[in-house]
Amino acid sequence: MTENLAEDLDALARELDADHVFHSWSAQSQRSTLVVASGRGTRVWDHAGREYLDFSSQLVNVNIGHQHPAVVQAIREQAELLTTVAPSTVNLARGEAAKRIVGHAPPGFDKVFFTNGGADAIENAIRMARLHSGRDKILSTYRSYHGNTGAAIVATGDWRRIPNEFARSHVHFFGPYLYRSEFWATTPEEESERALQHLRHVIEFEGPSSIAAILLESIPGTAGILVPPPGYLAGVRELADRHGILLILDEVMAGFGRTGRWFAFDGYDVRPDLIAFAKGVNSGYIPVGGVLISDPVAATFEDRVFPGGLTYSGHPLAMASIVAALDAMASEGIVDHAREIGETAIGPGLAGLAERHAVIGEVRGEGVFWAMELVADRETREPLPAAAMARLKSALVARGLLPFVVDNRIHVVPPCVVTEEEVAEAMTIYDGVLGTALEGEG
């Protein structure tokens, strides 16, 4: 490909996008001009060959890295065999995918309901909880994101909920966030205890017999990678059990290697009743999600019709991609690698940045799931203004790194296959940008 042709393709991509593509969560006049044409591992390129280190994993979903050959080959082979099939039929690829997923779940989870993505996984988990319990209310936290469909967006706690509040019977509460504690806590233990007391009061005042489920991200992702303090998730489980309330854990972003574990909740002494998943289960190669259903909930629908379904539930191409992705992650030790690279490279690297740059108020995370919270003043913890964050994001892209920027945070979320050399490269870019792009701030 000639240089002129490559530049022409980039320009054509931008022109077609501007003319015809309607983008999510955007004012349409404010659009990105970044073109992504190809990828491999932790890197992507535009048509002209400009290279970017992908420390966003796109939307924190490319866990296995871009263009893993085994997953690409599995999709190709399945496409040659059967491209689509009705969900009411029996299909081997679907059964194999479900078997792989169940193999990483806690004991007592034998069934998987497949969806098109994470949002409709949440929708169907809520539906199952309501039908199983005979109750209606769903409790979820203010600092959360659960998806963009009817009940999922109302279960979400952030600003995107407010223009979309059409679903019924949702109640929000504050989860733990020690750096900006709602409970005047000074230690992780205090934060956990006081957040649980707050939730207990919410349950009591809402009426326990009216609550179908508590819905939580095991580790809230878009809200800030808020690692739960000791005892919190186990305490929520105890409160739910005390009142006959189901616990739904949203593992859409945190699951399948992102935290260095197959499921994030595996590190927190808790067993949910329903598990929503998507993203990392096949690294987003084909749209897919699902709900892992505990045996008691699944039994509810043995002789009772489950009133839900999707045309593409268990789509063969998606199922083949799941089988290949999970097999590759297991055989190549990718989940263990994510844990180790977090412990030995990402965590220490970010801690070093925090020592050198006062604009970093806090670093938190595990595996390949981290956030730097940026502040204008460490003493007051005033968030870094949006204009400064925008400059920072532009500077990172200009230096060849794709960041995941939310509010006053940079989320450091590379694919699970990232190498020590790539982490070091990213840390150098972060260091340079924090040292120059934000001079006079922080």
# chains A, B, ... in the order shown; residues from 1 in each chain; ligands from 1

$ select_by_dssp --residues "stretch 34-175 of chain A" --states "helix (DSSP H, G or I)" --output "number ranges by chain"
A: 57-60, 69-81, 92-102, 118-133, 150-155, 159-164

$ residues_around --residues "A:Leu292" --least-positions-apart "4" --cutoff "7 Å" --atoms "only C-alpha atoms" --output "short mmCIF file (atom, residue, chain, number, x, y, z; two decimals) with N, CA and C atoms, in the first residue's frame"
data_model
loop_
_atom_site.label_atom_id
_atom_site.label_comp_id
_atom_site.auth_asym_id
_atom_site.auth_seq_id
_atom_site.Cartn_x
_atom_site.Cartn_y
_atom_site.Cartn_z
N PHE A 109 -23.28 -23.83 39.86
CA PHE A 109 -23.65 -23.10 38.66
C PHE A 109 -23.49 -24.04 37.47
N LYS A 111 -25.83 -23.77 34.54
CA LYS A 111 -26.56 -23.29 33.38
C LYS A 111 -26.10 -21.89 32.97
N VAL A 112 -26.10 -21.66 31.64
CA VAL A 112 -25.74 -20.36 31.07
C VAL A 112 -26.84 -19.92 30.12
N PHE A 113 -27.31 -18.69 30.28
CA PHE A 113 -28.21 -18.07 29.31
C PHE A 113 -27.39 -17.07 28.51
N LEU A 274 -26.48 -14.98 40.76
CA LEU A 274 -26.46 -14.79 39.32
C LEU A 274 -25.21 -14.00 38.95
N ILE A 275 -24.59 -14.36 37.83
CA ILE A 275 -23.36 -13.71 37.39
C ILE A 275 -23.56 -13.24 35.96
N ALA A 276 -23.48 -11.94 35.73
CA ALA A 276 -23.55 -11.38 34.38
C ALA A 276 -22.14 -11.25 33.83
#

$ closest_residue --among "A:Lys99, A:Lys393, A:Val406, A:Pro229" --to "A:Gly365" --atoms "only C-alpha atoms"
A:Pro229

$ residues_around --residues "A:Val236" --least-positions-apart "2" --cutoff "9 Å" --atoms "only C-alpha atoms" --output "ChimeraX atom specification"
/A:196,199-200,214,231-234,238-241,247,270

$ atom_distance --atom1 "atom CA of A:Ser209" --atom2 "atom CA of A:Tyr177"
28.1 Å

$ closest_atom_pairs --of "stretch 393-417 of chain A" --to "stretch 353-364 of chain A" --cutoff "10 Å" --atoms "only C-alpha atoms" --output "CSV"
residue,atom,partner,partner_atom,distance
A:Asn408,CA,A:Ile360,CA,10.0
A:Arg409,CA,A:Ile360,CA,9.1
A:Ile410,CA,A:Val363,CA,9.8
A:His411,CA,A:Arg364,CA,9.6
A:Val412,CA,A:Arg364,CA,9.9

$ write_last_selection --atoms "N, CA and C atoms" --output "PDB file, in the first residue's frame"
ATOM      1  N   ASN A 408     -12.034  12.351  36.134  1.00  0.00           N
ATOM      2  CA  ASN A 408     -10.687  12.806  36.481  1.00  0.00           C
ATOM      3  C   ASN A 408      -9.719  11.639  36.649  1.00  0.00           C
ATOM      4  N   ARG A 409      -9.966  10.559  35.897  1.00  0.00           N
ATOM      5  CA  ARG A 409      -9.152   9.358  36.070  1.00  0.00           C
ATOM      6  C   ARG A 409      -8.600   8.876  34.726  1.00  0.00           C
ATOM      7  N   ILE A 410      -7.394   8.320  34.796  1.00  0.00           N
ATOM      8  CA  ILE A 410      -6.862   7.510  33.700  1.00  0.00           C
ATOM      9  C   ILE A 410      -6.933   6.065  34.160  1.00  0.00           C
ATOM     10  N   HIS A 411      -7.685   5.246  33.438  1.00  0.00           N
ATOM     11  CA  HIS A 411      -7.754   3.821  33.747  1.00  0.00           C
ATOM     12  C   HIS A 411      -6.666   3.108  32.949  1.00  0.00           C
ATOM     13  N   VAL A 412      -5.829   2.387  33.634  1.00  0.00           N
ATOM     14  CA  VAL A 412      -4.712   1.678  33.016  1.00  0.00           C
ATOM     15  C   VAL A 412      -5.146   0.230  32.844  1.00  0.00           C
TER      16      VAL A 412
END

$ residues_around --residues "stretch 248-264 of chain A" --least-positions-apart "6" --cutoff "6 Å" --atoms "only C-alpha atoms" --output "VMD selection string"
chain A and resid 118 215 to 218 272 to 281 335 to 336 338 to 339 366 to 369

$ atom_distance --atom1 "atom CA of A:Val413" --atom2 "atom CA of A:Pro220"
13.5 Å

$ residues_around --residues "stretch 163-171 of chain A" --least-positions-apart "6" --cutoff "8 Å" --atoms "only C-alpha atoms" --output "list of chain:residue names"
A:Asp136, A:Lys137, A:Ile138, A:Leu139, A:Ser140, A:Gly150, A:Ala151, A:Ile153, A:Val154, A:Ala155

$ closest_residue --among "A:Asn148, A:Asn91, A:Gln30, A:Gln73" --to "A:Ala119" --atoms "only C-alpha atoms"
A:Asn148

$ atom_distance --atom1 "atom CA of A:Phe301" --atom2 "atom CA of A:Arg130"
12.5 Å

$ closest_residue --among "A:Gly108, A:Pro383, A:Pro348, A:Gly267" --to "A:Val423" --atoms "only C-alpha atoms"
A:Pro348

$ decode --residues "stretch 5-142 of chain A" --atoms "C-alpha atoms" --output "PDB file, in the first residue's frame"
ATOM      1  CA  LEU A   5      -3.346   5.377  -0.655  1.00  0.00           C
ATOM      2  CA  ALA A   6      -3.020   4.813   3.120  1.00  0.00           C
ATOM      3  CA  GLU A   7      -3.667   8.464   3.847  1.00  0.00           C
ATOM      4  CA  ASP A   8      -6.611   8.405   1.417  1.00  0.00           C
ATOM      5  CA  LEU A   9      -8.125   5.428   3.274  1.00  0.00           C
ATOM      6  CA  ASP A  10      -7.786   7.235   6.611  1.00  0.00           C
ATOM      7  CA  ALA A  11      -9.442  10.310   5.114  1.00  0.00           C
ATOM      8  CA  LEU A  12     -12.237   8.208   3.586  1.00  0.00           C
ATOM      9  CA  ALA A  13     -12.863   6.493   6.917  1.00  0.00           C
ATOM     10  CA  ARG A  14     -13.191   9.862   8.646  1.00  0.00           C
ATOM     11  CA  GLU A  15     -15.455  11.229   5.907  1.00  0.00           C
ATOM     12  CA  LEU A  16     -17.832   8.250   5.960  1.00  0.00           C
ATOM     13  CA  ASP A  17     -17.910   8.325   9.737  1.00  0.00           C
ATOM     14  CA  ALA A  18     -18.740  12.039   9.823  1.00  0.00           C
ATOM     15  CA  ASP A  19     -21.433  11.663   7.174  1.00  0.00           C
ATOM     16  CA  HIS A  20     -23.199   8.505   8.291  1.00  0.00           C
ATOM     17  CA  VAL A  21     -22.214   7.132  11.725  1.00  0.00           C
ATOM     18  CA  PHE A  22     -24.142   8.124  14.856  1.00  0.00           C
ATOM     19  CA  HIS A  23     -21.910   7.650  17.900  1.00  0.00           C
ATOM     20  CA  SER A  24     -22.896   6.579  21.404  1.00  0.00           C
ATOM     21  CA  TRP A  25     -22.626   8.887  24.442  1.00  0.00           C
ATOM     22  CA  SER A  26     -21.636  11.784  22.176  1.00  0.00           C
ATOM     23  CA  ALA A  27     -22.728  15.125  20.858  1.00  0.00           C
ATOM     24  CA  GLN A  28     -22.389  14.292  17.194  1.00  0.00           C
ATOM     25  CA  SER A  29     -20.406  17.435  16.333  1.00  0.00           C
ATOM     26  CA  GLN A  30     -17.714  16.429  18.832  1.00  0.00           C
ATOM     27  CA  ARG A  31     -16.253  13.311  17.255  1.00  0.00           C
ATOM     28  CA  SER A  32     -12.921  11.561  17.359  1.00  0.00           C
ATOM     29  CA  THR A  33     -10.759  11.596  14.237  1.00  0.00           C
ATOM     30  CA  LEU A  34      -8.646   8.643  15.405  1.00  0.00           C
ATOM     31  CA  VAL A  35      -8.801   5.829  12.840  1.00  0.00           C
ATOM     32  CA  VAL A  36      -8.155   2.227  13.886  1.00  0.00           C
ATOM     33  CA  ALA A  37      -7.658  -0.084  10.915  1.00  0.00           C
ATOM     34  CA  SER A  38      -5.842  -3.122  12.320  1.00  0.00           C
ATOM     35  CA  GLY A  39      -4.396  -4.588  15.487  1.00  0.00           C
ATOM     36  CA  ARG A  40      -2.162  -7.257  16.932  1.00  0.00           C
ATOM     37  CA  GLY A  41      -1.620  -8.089  20.584  1.00  0.00           C
ATOM     38  CA  THR A  42      -1.539  -4.842  22.560  1.00  0.00           C
ATOM     39  CA  ARG A  43      -1.104  -2.552  19.538  1.00  0.00           C
ATOM     40  CA  VAL A  44      -3.338  -1.035  16.860  1.00  0.00           C
ATOM     41  CA  TRP A  45      -2.589   0.894  13.658  1.00  0.00           C
ATOM     42  CA  ASP A  46      -4.370   3.275  11.325  1.00  0.00           C
ATOM     43  CA  HIS A  47      -4.268   2.771   7.546  1.00  0.00           C
ATOM     44  CA  ALA A  48      -1.126   4.871   7.262  1.00  0.00           C
ATOM     45  CA  GLY A  49       0.720   2.656   9.733  1.00  0.00           C
ATOM     46  CA  ARG A  50       0.695   5.004  12.723  1.00  0.00           C
ATOM     47  CA  GLU A  51       1.012   2.766  15.750  1.00  0.00           C
ATOM     48  CA  TYR A  52      -0.675   3.041  19.149  1.00  0.00           C
ATOM     49  CA  LEU A  53      -0.133   1.074  22.339  1.00  0.00           C
ATOM     50  CA  ASP A  54      -3.651   0.110  23.407  1.00  0.00           C
ATOM     51  CA  PHE A  55      -3.884   0.697  27.144  1.00  0.00           C
ATOM     52  CA  SER A  56      -7.678   0.960  26.927  1.00  0.00           C
ATOM     53  CA  SER A  57      -8.299  -2.549  25.560  1.00  0.00           C
ATOM     54  CA  GLN A  58     -10.823  -0.558  23.476  1.00  0.00           C
ATOM     55  CA  LEU A  59     -13.668  -0.655  26.040  1.00  0.00           C
ATOM     56  CA  VAL A  60     -11.799  -2.809  28.562  1.00  0.00           C
ATOM     57  CA  ASN A  61     -12.784  -5.928  26.646  1.00  0.00           C
ATOM     58  CA  VAL A  62      -9.836  -7.084  24.508  1.00  0.00           C
ATOM     59  CA  ASN A  63      -8.436  -9.241  27.310  1.00  0.00           C
ATOM     60  CA  ILE A  64      -6.659 -11.758  25.084  1.00  0.00           C
ATOM     61  CA  GLY A  65      -5.244  -9.032  22.833  1.00  0.00           C
ATOM     62  CA  HIS A  66      -6.060  -8.060  19.283  1.00  0.00           C
ATOM     63  CA  GLN A  67      -6.237 -10.716  16.554  1.00  0.00           C
ATOM     64  CA  HIS A  68      -5.275 -13.760  18.600  1.00  0.00           C
ATOM     65  CA  PRO A  69      -4.707 -16.338  15.845  1.00  0.00           C
ATOM     66  CA  ALA A  70      -6.502 -19.206  17.588  1.00  0.00           C
ATOM     67  CA  VAL A  71      -9.672 -17.148  18.075  1.00  0.00           C
ATOM     68  CA  VAL A  72      -9.600 -15.769  14.537  1.00  0.00           C
ATOM     69  CA  GLN A  73      -9.144 -19.289  13.167  1.00  0.00           C
ATOM     70  CA  ALA A  74     -12.024 -20.654  15.272  1.00  0.00           C
ATOM     71  CA  ILE A  75     -14.366 -17.962  13.940  1.00  0.00           C
ATOM     72  CA  ARG A  76     -13.235 -18.705  10.380  1.00  0.00           C
ATOM     73  CA  GLU A  77     -13.809 -22.453  10.778  1.00  0.00           C
ATOM     74  CA  GLN A  78     -17.234 -21.979  12.358  1.00  0.00           C
ATOM     75  CA  ALA A  79     -18.242 -19.565   9.576  1.00  0.00           C
ATOM     76  CA  GLU A  80     -17.440 -22.250   7.008  1.00  0.00           C
ATOM     77  CA  LEU A  81     -19.516 -24.811   8.939  1.00  0.00           C
ATOM     78  CA  LEU A  82     -22.572 -22.847  10.136  1.00  0.00           C
ATOM     79  CA  THR A  83     -22.893 -19.084  10.476  1.00  0.00           C
ATOM     80  CA  THR A  84     -26.177 -18.859  12.391  1.00  0.00           C
ATOM     81  CA  VAL A  85     -28.824 -21.028  13.998  1.00  0.00           C
ATOM     82  CA  ALA A  86     -32.034 -20.459  15.964  1.00  0.00           C
ATOM     83  CA  PRO A  87     -31.576 -20.390  19.749  1.00  0.00           C
ATOM     84  CA  SER A  88     -34.260 -23.047  20.214  1.00  0.00           C
ATOM     85  CA  THR A  89     -32.106 -25.657  18.452  1.00  0.00           C
ATOM     86  CA  VAL A  90     -29.266 -27.715  19.894  1.00  0.00           C
ATOM     87  CA  ASN A  91     -25.815 -26.710  18.685  1.00  0.00           C
ATOM     88  CA  LEU A  92     -22.491 -28.226  19.665  1.00  0.00           C
ATOM     89  CA  ALA A  93     -20.589 -24.942  19.696  1.00  0.00           C
ATOM     90  CA  ARG A  94     -23.130 -23.477  22.133  1.00  0.00           C
ATOM     91  CA  GLY A  95     -22.834 -26.439  24.456  1.00  0.00           C
ATOM     92  CA  GLU A  96     -19.049 -26.347  24.384  1.00  0.00           C
ATOM     93  CA  ALA A  97     -19.015 -22.624  25.161  1.00  0.00           C
ATOM     94  CA  ALA A  98     -21.407 -23.070  28.089  1.00  0.00           C
ATOM     95  CA  LYS A  99     -19.292 -25.944  29.409  1.00  0.00           C
ATOM     96  CA  ARG A 100     -16.148 -23.792  29.314  1.00  0.00           C
ATOM     97  CA  ILE A 101     -17.836 -20.953  31.187  1.00  0.00           C
ATOM     98  CA  VAL A 102     -19.394 -23.207  33.825  1.00  0.00           C
ATOM     99  CA  GLY A 103     -15.958 -24.737  34.340  1.00  0.00           C
ATOM    100  CA  HIS A 104     -14.705 -21.454  35.771  1.00  0.00           C
ATOM    101  CA  ALA A 105     -17.789 -20.756  37.931  1.00  0.00           C
ATOM    102  CA  PRO A 106     -18.256 -21.677  41.600  1.00  0.00           C
ATOM    103  CA  PRO A 107     -19.904 -25.011  42.456  1.00  0.00           C
ATOM    104  CA  GLY A 108     -23.660 -24.951  41.985  1.00  0.00           C
ATOM    105  CA  PHE A 109     -23.649 -23.101  38.656  1.00  0.00           C
ATOM    106  CA  ASP A 110     -24.555 -25.426  35.796  1.00  0.00           C
ATOM    107  CA  LYS A 111     -26.563 -23.287  33.378  1.00  0.00           C
ATOM    108  CA  VAL A 112     -25.742 -20.358  31.074  1.00  0.00           C
ATOM    109  CA  PHE A 113     -28.212 -18.075  29.306  1.00  0.00           C
ATOM    110  CA  PHE A 114     -26.495 -16.394  26.368  1.00  0.00           C
ATOM    111  CA  THR A 115     -27.182 -12.793  25.362  1.00  0.00           C
ATOM    112  CA  ASN A 116     -25.810 -10.319  22.810  1.00  0.00           C
ATOM    113  CA  GLY A 117     -23.723  -8.365  25.325  1.00  0.00           C
ATOM    114  CA  GLY A 118     -23.373  -7.124  28.876  1.00  0.00           C
ATOM    115  CA  ALA A 119     -26.413  -4.848  29.046  1.00  0.00           C
ATOM    116  CA  ASP A 120     -28.899  -7.542  28.104  1.00  0.00           C
ATOM    117  CA  ALA A 121     -27.117  -9.938  30.439  1.00  0.00           C
ATOM    118  CA  ILE A 122     -28.008  -7.514  33.236  1.00  0.00           C
ATOM    119  CA  GLU A 123     -31.573  -7.195  31.900  1.00  0.00           C
ATOM    120  CA  ASN A 124     -32.092 -10.931  32.027  1.00  0.00           C
ATOM    121  CA  ALA A 125     -30.403 -11.388  35.391  1.00  0.00           C
ATOM    122  CA  ILE A 126     -32.826  -8.807  36.821  1.00  0.00           C
ATOM    123  CA  ARG A 127     -35.743 -10.585  35.144  1.00  0.00           C
ATOM    124  CA  MET A 128     -34.670 -13.943  36.595  1.00  0.00           C
ATOM    125  CA  ALA A 129     -34.264 -12.471  40.071  1.00  0.00           C
ATOM    126  CA  ARG A 130     -37.729 -10.904  40.022  1.00  0.00           C
ATOM    127  CA  LEU A 131     -39.440 -14.029  38.748  1.00  0.00           C
ATOM    128  CA  HIS A 132     -37.578 -16.340  41.117  1.00  0.00           C
ATOM    129  CA  SER A 133     -38.183 -14.190  44.196  1.00  0.00           C
ATOM    130  CA  GLY A 134     -41.632 -12.823  43.425  1.00  0.00           C
ATOM    131  CA  ARG A 135     -40.300  -9.418  44.448  1.00  0.00           C
ATOM    132  CA  ASP A 136     -39.667  -6.294  42.413  1.00  0.00           C
ATOM    133  CA  LYS A 137     -37.038  -3.852  43.724  1.00  0.00           C
ATOM    134  CA  ILE A 138     -33.434  -3.894  42.565  1.00  0.00           C
ATOM    135  CA  LEU A 139     -30.773  -2.209  44.714  1.00  0.00           C
ATOM    136  CA  SER A 140     -27.564  -0.955  43.076  1.00  0.00           C
ATOM    137  CA  THR A 141     -24.913   1.643  43.808  1.00  0.00           C
ATOM    138  CA  TYR A 142     -24.668   5.223  42.609  1.00  0.00           C
TER     139      TYR A 142
END
